[in-house]
Each structure stands twice: as structure tokens, then as C-alpha cells.
Amino acid sequence: MNCIIIDDEAASRSIVSHYCSQLHDLQVEEEFTNAIDAIKFLNKRSVDLVFLDIHMPGFTGMDLIETLKNPPHVILITSDPDFAIDAFDFDCIVDYLVKPIMIERFEKAVTKTRYRRERTKTQRAERQDLAPTPVDGEMFVKVNRKLIKIDFSSMSVIQAKGDYVLIKTDGEEYKIHTTLKKVQEKLPEAFFFKAHRSYIINFRKIIDIQDSRVLIANKLIPISRTNRAELMDRLNVL
């Protein structure tokens, strides 16, 4: 891992740099005495880890984190452990070191960073593997004595209404004289789900889930109590 050290105290920078040299996989790229110079560096270069002093004159360590759009992993350096604990609202912060810094505690923080980096890599790989794939295929429906082709990918909601079914697509709505069960038999199960006795939904069209309803386009679709657990299992929920 490559890293930088940001601390206005020379002694603290020296200790962290020395500890880094004791670990074979940790390479110090630069040291900075203030957050402004560090931000300029980080806007041009990427690093895996930042050792960051919280209390610096003018521009604090928290200011630096809030300024960066995608901050790297951060290990805080502080004389105030209570303040450091509050700072864990930031996802990029892995751990904190209280001055004077002990080598054992330093190594523990770096180990946590390694685990966090590996976990992040794994999650990114999983998200790529689970990225939405095209909903291939189509079906033909009879509307006013004509057969109309509807691509599966354009379908958002299929709703049962008495003896009819409404098929809602990205730009149209079709009223078909059939049953919801017959429509469901024609749909690819991997992308469509019967959320309620009167509704089938396209997973790819879900915007958000609000308690017992899903938002698709500008419409809230009810989810039955018995089907909600299965829906949550099938979604890619973090």
C-alpha cells in the first residue's frame, strides 16, 4: 500500500514514517505539514492510505476529508480519542491512533486497513458480477385485432383488473383480455416477480422500496406480506 502522512508536528510525522518503514508493504509517498498541500497532491495522485492528524491550524483533518470527493482509507492521528470516535461517521476512516503512537497499535490499525481494502475489492467484484443484464426477448399481445410486439425490457408493471390485464411499458399501456397467471407464464422469472395478487413487477424498474410498497416510475405498487421476504432475498441488497 502506498500512503501519505499529514501532520503539522514534525515529531509525529517522523514516528509514523519510521513505523511505516518497518512494514514491507507500506510505502510513504509524501509527507505534508498542512491539509491544503495534501489536497493538491491528492487531486493529482491516488494513494491507498492517509495518516491524518485531526487538529491542524487553519484547515483540519475533518475539513480535508469533507473536501475530497472520493477520499482514500484514512487512519486518524489525534490527541483527543473522544473526537476521533465521533469522526467514524465518515466511511473512509478505518481507525485512529492516539498520541503518543505505539508500534503495536500502529500495526493493528494498518492490518484493519488491509482487511478493509480487500473487502472493498471483493464488494466491487461482486457488484460487477451482479450488474444488471439486458432483459432479452419479447412477447406478442392481441390489441384491437392486431398482434403487437412488446419487449420484456420495456415492461414495468403488469396489473390484473377484472377480466383484463394492463401491461405498462416505458411509453405505452396495453389492455389485454387475459389473466395475470397466463402473462406470468410467458415472462422470464429472473426479471419479473409477482409482488401482489394483482401485480407483477420488473426488477429492473424498481426505483426504491418503501415498507410494503415499491416505487416504479411514478407509481407505488403494493407488496403482499408473504411476498416481501422473497423479494428482498432476490434483490441485490447491501
# chains A, B, ... in the order shown; residues from 1 in each chain; ligands from 1

call {"tool": "residues_around", "arguments": {"residues": "region 170-187 of chain A", "least_positions_apart": "2", "cutoff": "8 Å", "atoms": "only C-alpha atoms", "output": "ChimeraX atom specification"}}
result
/A:139,141-143,152,154-156,158-160,163-168,189,192,198-200

call {"tool": "select_by_dssp", "arguments": {"residues": "region 101-191 of chain A", "states": "alpha helix (DSSP H)", "output": "JSON, numbers by chain"}}
result
{"A": [103, 104, 105, 106, 107, 108, 109, 110, 111, 112, 113, 114, 115, 116, 117, 118, 119, 120, 121, 122, 123, 124, 125, 126, 127, 128, 129, 180, 181, 182, 183, 184, 185, 186]}

call {"tool": "write_last_selection", "arguments": {"atoms": "C-alpha atoms", "output": "PDB file, in the first residue's frame"}}
result
ATOM      1  CA  ILE A 103       4.047   0.484  17.339  1.00  0.00           C
ATOM      2  CA  GLU A 104       1.638  -2.304  18.366  1.00  0.00           C
ATOM      3  CA  ARG A 105      -1.369  -0.049  17.967  1.00  0.00           C
ATOM      4  CA  PHE A 106       0.012   1.279  14.680  1.00  0.00           C
ATOM      5  CA  GLU A 107       0.353  -2.226  13.239  1.00  0.00           C
ATOM      6  CA  LYS A 108      -3.172  -3.098  14.335  1.00  0.00           C
ATOM      7  CA  ALA A 109      -4.586  -0.064  12.504  1.00  0.00           C
ATOM      8  CA  VAL A 110      -2.676  -0.929   9.328  1.00  0.00           C
ATOM      9  CA  THR A 111      -3.923  -4.520   9.498  1.00  0.00           C
ATOM     10  CA  LYS A 112      -7.504  -3.248   9.723  1.00  0.00           C
ATOM     11  CA  THR A 113      -6.850  -1.162   6.628  1.00  0.00           C
ATOM     12  CA  ARG A 114      -5.617  -4.210   4.718  1.00  0.00           C
ATOM     13  CA  TYR A 115      -8.803  -6.085   5.598  1.00  0.00           C
ATOM     14  CA  ARG A 116     -10.938  -3.094   4.601  1.00  0.00           C
ATOM     15  CA  ARG A 117      -9.167  -2.810   1.243  1.00  0.00           C
ATOM     16  CA  GLU A 118      -9.650  -6.496   0.495  1.00  0.00           C
ATOM     17  CA  ARG A 119     -13.294  -6.339   1.490  1.00  0.00           C
ATOM     18  CA  THR A 120     -13.813  -3.303  -0.752  1.00  0.00           C
ATOM     19  CA  LYS A 121     -12.202  -5.122  -3.688  1.00  0.00           C
ATOM     20  CA  THR A 122     -14.439  -8.134  -3.105  1.00  0.00           C
ATOM     21  CA  GLN A 123     -17.572  -5.989  -2.944  1.00  0.00           C
ATOM     22  CA  ARG A 124     -16.649  -4.220  -6.176  1.00  0.00           C
ATOM     23  CA  ALA A 125     -16.106  -7.563  -7.904  1.00  0.00           C
ATOM     24  CA  GLU A 126     -19.451  -8.824  -6.637  1.00  0.00           C
ATOM     25  CA  ARG A 127     -21.233  -5.699  -7.858  1.00  0.00           C
ATOM     26  CA  GLN A 128     -19.709  -6.189 -11.298  1.00  0.00           C
ATOM     27  CA  ASP A 129     -20.799  -9.828 -11.342  1.00  0.00           C
ATOM     28  CA  LEU A 180     -52.298 -12.439 -14.781  1.00  0.00           C
ATOM     29  CA  LYS A 181     -51.316 -16.094 -14.467  1.00  0.00           C
ATOM     30  CA  LYS A 182     -51.136 -16.561 -18.244  1.00  0.00           C
ATOM     31  CA  VAL A 183     -48.979 -13.459 -18.619  1.00  0.00           C
ATOM     32  CA  GLN A 184     -46.652 -14.578 -15.829  1.00  0.00           C
ATOM     33  CA  GLU A 185     -46.093 -17.913 -17.596  1.00  0.00           C
ATOM     34  CA  LYS A 186     -44.683 -16.018 -20.595  1.00  0.00           C
TER      35      LYS A 186
END

call {"tool": "closest_residue", "arguments": {"among": "A:Leu68, A:Ala35, A:Ile201, A:Leu49", "to": "Ile93 (chain A)", "atoms": "only C-alpha atoms"}}
result
A:Leu49

call {"tool": "residues_around", "arguments": {"residues": "Leu42 (chain A)", "least_positions_apart": "5", "cutoff": "9 Å", "atoms": "only C-alpha atoms", "output": "JSON list (two decimals) with N, CA and C atoms, in the first residue's frame"}}
result
[["chain", "number", "residue", "atom", "x", "y", "z"],
["A", 37, "ASP", "N", -1.86, 21.57, 1.14],
["A", 37, "ASP", "CA", -0.88, 20.97, 0.24],
["A", 37, "ASP", "C", -1.22, 19.51, -0.05],
["A", 47, "VAL", "N", -3.71, 7.47, -3.58],
["A", 47, "VAL", "CA", -2.99, 6.67, -2.59],
["A", 47, "VAL", "C", -3.97, 5.71, -1.94],
["A", 68, "LEU", "N", -12.51, 16.18, -0.14],
["A", 68, "LEU", "CA", -12.21, 15.19, -1.17],
["A", 68, "LEU", "C", -13.48, 14.48, -1.62],
["A", 71, "PRO", "N", -12.37, 10.16, -0.93],
["A", 71, "PRO", "CA", -11.17, 10.05, -0.08],
["A", 71, "PRO", "C", -10.69, 8.61, 0.04]]

call {"tool": "residues_around", "arguments": {"residues": "region 221-227 of chain A", "least_positions_apart": "3", "cutoff": "6 Å", "atoms": "only C-alpha atoms", "output": "VMD selection string"}}
result
chain A and resid 195 to 196 212 to 214 230

call {"tool": "write_last_selection", "arguments": {"atoms": "C-alpha atoms", "output": "PDB file, in the first residue's frame"}}
result
ATOM      1  CA  ALA A 195     -45.360  -8.762  -5.783  1.00  0.00           C
ATOM      2  CA  HIS A 196     -49.076  -8.925  -5.080  1.00  0.00           C
ATOM      3  CA  SER A 212     -44.806  -2.642   1.906  1.00  0.00           C
ATOM      4  CA  ARG A 213     -44.639  -0.859  -1.473  1.00  0.00           C
ATOM      5  CA  VAL A 214     -42.190  -0.470  -4.344  1.00  0.00           C
ATOM      6  CA  GLU A 230     -38.827 -13.334  -1.159  1.00  0.00           C
TER       7      GLU A 230
END

call {"tool": "select_by_dssp", "arguments": {"residues": "region 49-218 of chain A", "states": "strand (DSSP E)", "output": "ChimeraX atom specification"}}
result
/A:49-53,73-78,93-98,138-143,146-151,155-161,164-169,173-176,192-196,199-202,206-210,213-216

call {"tool": "write_last_selection", "arguments": {"atoms": "C-alpha atoms", "output": "PDB file, in the first residue's frame"}}
result
ATOM      1  CA  LEU A  49      -3.982   5.193   2.844  1.00  0.00           C
ATOM      2  CA  VAL A  50      -3.672   8.554   4.578  1.00  0.00           C
ATOM      3  CA  PHE A  51      -2.312   9.039   8.093  1.00  0.00           C
ATOM      4  CA  LEU A  52      -4.137  12.210   9.036  1.00  0.00           C
ATOM      5  CA  ASP A  53      -3.792  14.494  12.027  1.00  0.00           C
ATOM      6  CA  HIS A  73      -8.737   4.989   3.523  1.00  0.00           C
ATOM      7  CA  VAL A  74      -7.815   7.145   6.490  1.00  0.00           C
ATOM      8  CA  ILE A  75      -6.156   6.434   9.839  1.00  0.00           C
ATOM      9  CA  LEU A  76      -6.590   9.433  12.103  1.00  0.00           C
ATOM     10  CA  ILE A  77      -3.866  10.740  14.377  1.00  0.00           C
ATOM     11  CA  THR A  78      -5.117  12.619  17.404  1.00  0.00           C
ATOM     12  CA  ILE A  93     -11.997   6.287   8.303  1.00  0.00           C
ATOM     13  CA  VAL A  94     -10.642   2.884   9.272  1.00  0.00           C
ATOM     14  CA  ASP A  95      -9.107   3.572  12.686  1.00  0.00           C
ATOM     15  CA  TYR A  96      -7.452   6.214  14.835  1.00  0.00           C
ATOM     16  CA  LEU A  97      -4.144   6.457  16.667  1.00  0.00           C
ATOM     17  CA  VAL A  98      -3.798   8.417  19.887  1.00  0.00           C
ATOM     18  CA  GLU A 138     -40.373 -10.251 -26.295  1.00  0.00           C
ATOM     19  CA  MET A 139     -43.976 -11.351 -26.399  1.00  0.00           C
ATOM     20  CA  PHE A 140     -46.864 -10.619 -28.772  1.00  0.00           C
ATOM     21  CA  VAL A 141     -50.216  -9.451 -27.444  1.00  0.00           C
ATOM     22  CA  LYS A 142     -53.510  -9.031 -29.252  1.00  0.00           C
ATOM     23  CA  VAL A 143     -54.815  -5.463 -29.159  1.00  0.00           C
ATOM     24  CA  LYS A 146     -53.637  -6.724 -34.079  1.00  0.00           C
ATOM     25  CA  LEU A 147     -50.632  -8.553 -32.691  1.00  0.00           C
ATOM     26  CA  ILE A 148     -48.253  -6.090 -31.066  1.00  0.00           C
ATOM     27  CA  LYS A 149     -44.715  -6.970 -30.023  1.00  0.00           C
ATOM     28  CA  ILE A 150     -43.671  -5.852 -26.532  1.00  0.00           C
ATOM     29  CA  ASP A 151     -40.044  -6.178 -25.454  1.00  0.00           C
ATOM     30  CA  MET A 155     -42.268  -3.713 -19.326  1.00  0.00           C
ATOM     31  CA  SER A 156     -42.506  -2.191 -15.873  1.00  0.00           C
ATOM     32  CA  VAL A 157     -45.781  -3.297 -14.259  1.00  0.00           C
ATOM     33  CA  ILE A 158     -48.448  -5.848 -15.186  1.00  0.00           C
ATOM     34  CA  GLN A 159     -51.706  -5.296 -13.310  1.00  0.00           C
ATOM     35  CA  ALA A 160     -54.797  -7.508 -13.147  1.00  0.00           C
ATOM     36  CA  LYS A 161     -58.114  -5.648 -13.497  1.00  0.00           C
ATOM     37  CA  TYR A 164     -58.322  -7.771 -18.191  1.00  0.00           C
ATOM     38  CA  VAL A 165     -54.632  -7.210 -17.649  1.00  0.00           C
ATOM     39  CA  LEU A 166     -52.865  -3.874 -18.050  1.00  0.00           C
ATOM     40  CA  ILE A 167     -49.303  -4.133 -19.350  1.00  0.00           C
ATOM     41  CA  LYS A 168     -47.431  -0.901 -18.674  1.00  0.00           C
ATOM     42  CA  THR A 169     -44.251  -0.241 -20.630  1.00  0.00           C
ATOM     43  CA  GLU A 173     -50.136   0.884 -21.706  1.00  0.00           C
ATOM     44  CA  TYR A 174     -51.881  -2.129 -23.210  1.00  0.00           C
ATOM     45  CA  LYS A 175     -55.200  -3.586 -22.093  1.00  0.00           C
ATOM     46  CA  ILE A 176     -55.292  -7.323 -22.765  1.00  0.00           C
ATOM     47  CA  PHE A 192     -40.201 -10.460 -13.151  1.00  0.00           C
ATOM     48  CA  PHE A 193     -41.803 -11.026  -9.765  1.00  0.00           C
ATOM     49  CA  LYS A 194     -45.394 -11.334  -8.559  1.00  0.00           C
ATOM     50  CA  ALA A 195     -45.360  -8.762  -5.783  1.00  0.00           C
ATOM     51  CA  HIS A 196     -49.076  -8.925  -5.080  1.00  0.00           C
ATOM     52  CA  TYR A 199     -49.327  -7.073  -9.723  1.00  0.00           C
ATOM     53  CA  ILE A 200     -46.243  -8.414 -11.456  1.00  0.00           C
ATOM     54  CA  ILE A 201     -43.214  -6.105 -11.474  1.00  0.00           C
ATOM     55  CA  ASN A 202     -39.975  -5.884 -13.410  1.00  0.00           C
ATOM     56  CA  ILE A 206     -37.692  -0.633  -9.195  1.00  0.00           C
ATOM     57  CA  ILE A 207     -36.611   2.824  -8.001  1.00  0.00           C
ATOM     58  CA  ASP A 208     -36.948   2.266  -4.267  1.00  0.00           C
ATOM     59  CA  ILE A 209     -38.797   0.227  -1.665  1.00  0.00           C
ATOM     60  CA  GLN A 210     -40.944   1.886   0.966  1.00  0.00           C
ATOM     61  CA  ARG A 213     -44.639  -0.859  -1.473  1.00  0.00           C
ATOM     62  CA  VAL A 214     -42.190  -0.470  -4.344  1.00  0.00           C
ATOM     63  CA  LEU A 215     -41.830   2.653  -6.448  1.00  0.00           C
ATOM     64  CA  ILE A 216     -41.761   2.062 -10.208  1.00  0.00           C
TER      65      ILE A 216
END

call {"tool": "atom_distance", "arguments": {"atom1": "CA of Phe41 (chain A)", "atom2": "CA of Asp91 (chain A)"}}
result
21.2 Å

call {"tool": "closest_residue", "arguments": {"among": "A:Ile54, A:Leu231, A:Ile101, A:Ala38", "to": "Val16 (chain A)", "atoms": "only C-alpha atoms"}}
result
A:Ile101

call {"tool": "closest_residue", "arguments": {"among": "A:Phe90, A:Glu9, A:Ala217, A:Ser21", "to": "Pro57 (chain A)", "atoms": "only C-alpha atoms"}}
result
A:Glu9

call {"tool": "atom_distance", "arguments": {"atom1": "CA of Ser79 (chain A)", "atom2": "CA of Asp25 (chain A)"}}
result
26.9 Å
